[in-house]
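Chemist: Could you have a look at this structure, given as structure tokens, before my questions?
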Amino acid sequence: MTAQSHSPDFYEKLVLNSSEMITVLDADNIFSFVNMAVVGVLGYQPEELLGRSVLEFIHPDDVAFATDALAGITTGQSSLIPPFRYRAKSGNWIWTLITGSCFLEDPAVQGRIVVWRDVTEKEEAKQQLEASEAHYKSLIYNHPDAVFSLTLAGKIKTINNGFTKITGFTSEIINAPFTDLAHPTFSLKLRKR
């Protein structure tokens, strides 16, 4: 099957009516084109962004990263940039995932084509999971009682600070068989199980 030739009107309608936000940034990171999807993604009308710097809407903590990432879009090949926060018209911070391709030298584009996706829900779920895991680890590792985990083979996988305080063993016990900790009277019974 060969690619079909389409009219310029076809491509214009395709870009203007895409559900993903498609923009063109010039060499100074100024919006020179924004499609209508910006209304659904960020709440702005295209004309509210045209002529403005993409950087003025990026969360202050993410500006350095995003600036470097945008500068890294140097070829016509698509570059994926990890999520960063962008201010929506409502004032809320939206996590965005962008892909970009550089066409600064192409007279038809004269900029970087950047496609934006709202990944706020996914990013917030990821952060909640990380916070939950950190909380769990804090509870376990800082618990005053000895807490440890074992592999399926019965070897010590992790220990907490309480374990070290009570037994005197530190990380050198990791990967040792649990039976090494048992009193010799019980060690043989544990090995048989």
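Every chain in the structure tokens has a letter given in the order shown (A, B, ...), and although residue numbers restart at 1 in each chain, ligands are simply numbered from 1 in the order shown.
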From a DSSP pass on the backbone, collect the residues of region 100-181 of chain A flagged as strand (DSSP E or B) and hand them back as a list in words.
Modeler: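 So, restricting region 100-181 of chain A to strand (DSSP E or B), we get Gly100, Ser101, Cys102, Phe103, Gly111, Arg112, Ile113, Val114, Val115, Trp116, Arg117, Asp118, Phe148, Ser149, Leu150, Lys155, Ile156, Lys157, Thr158, Ile159 and Pro177 of chain A.
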Chemist: Neighbours of region 95-106 of chain A within 12 Å (only C-alpha atoms; same-chain residues fewer than 5 positions away dropped), as JSON, numbers by chain?
Modeler: {"A": [20, 21, 22, 23, 24, 25, 26, 27, 28, 29, 32, 41, 42, 57, 58, 59, 62, 66, 69, 70, 71, 72, 73, 74, 75, 76, 77, 78, 79, 80, 81, 82, 83, 84, 85, 86, 87, 88, 111, 112, 113, 114, 115, 116, 117, 118, 119, 120, 121, 122, 123, 124, 125, 126, 127]}
Chemist: Can you pull out every residue within 6 Å of region 158-174 of chain A, counting only C-alpha atoms, but drop anything in the same chain fewer than 4 positions away, and send it as a ChimeraX atom specification?
Modeler: /A:141,144-149
Chemist: Measure the distance from CA of Gly91 (chain A) to CA of Leu129 (chain A) in Å and round it to one decimal.
Modeler: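 These atoms are spaced 25.1 Å apart.
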Chemist: As a ChimeraX atom specification, list the residues of region 3-192 of chain A assigned to helix (DSSP H, G or I) by DSSP on the backbone atoms of this structure.
Modeler: /A:8-16,37-41,46-49,54-57,60-71,120-141,161-167,171-173,178-181,184-192
Chemist: Taking 4 positions as the minimum chain separation for residues in the same chain, which residues sit within 12 Å of Lys89 (chain A) when counting only C-alpha atoms? Answer as a list of chain:residue names.
Modeler: A:Val38, A:Val39, A:Gly40, A:Val41, A:Leu42, A:Gly43, A:Tyr44, A:Gln45, A:Pro46, A:Glu48, A:Leu49, A:Phe57, A:Trp93, A:Ile94
Chemist: Quick one: pull the distance between CA of Ala64 (chain A) and CA of Ala131 (chain A), Å, one decimal.
Modeler: 24.1 Å
Chemist: Using CA of Thr185 (chain A) and CA of Gly154 (chain A) as the two end points, give the distance in Å to one decimal.
Modeler: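 Value for the CA of Thr185 (chain A)-CA of Gly154 (chain A) distance: 18.0 Å.
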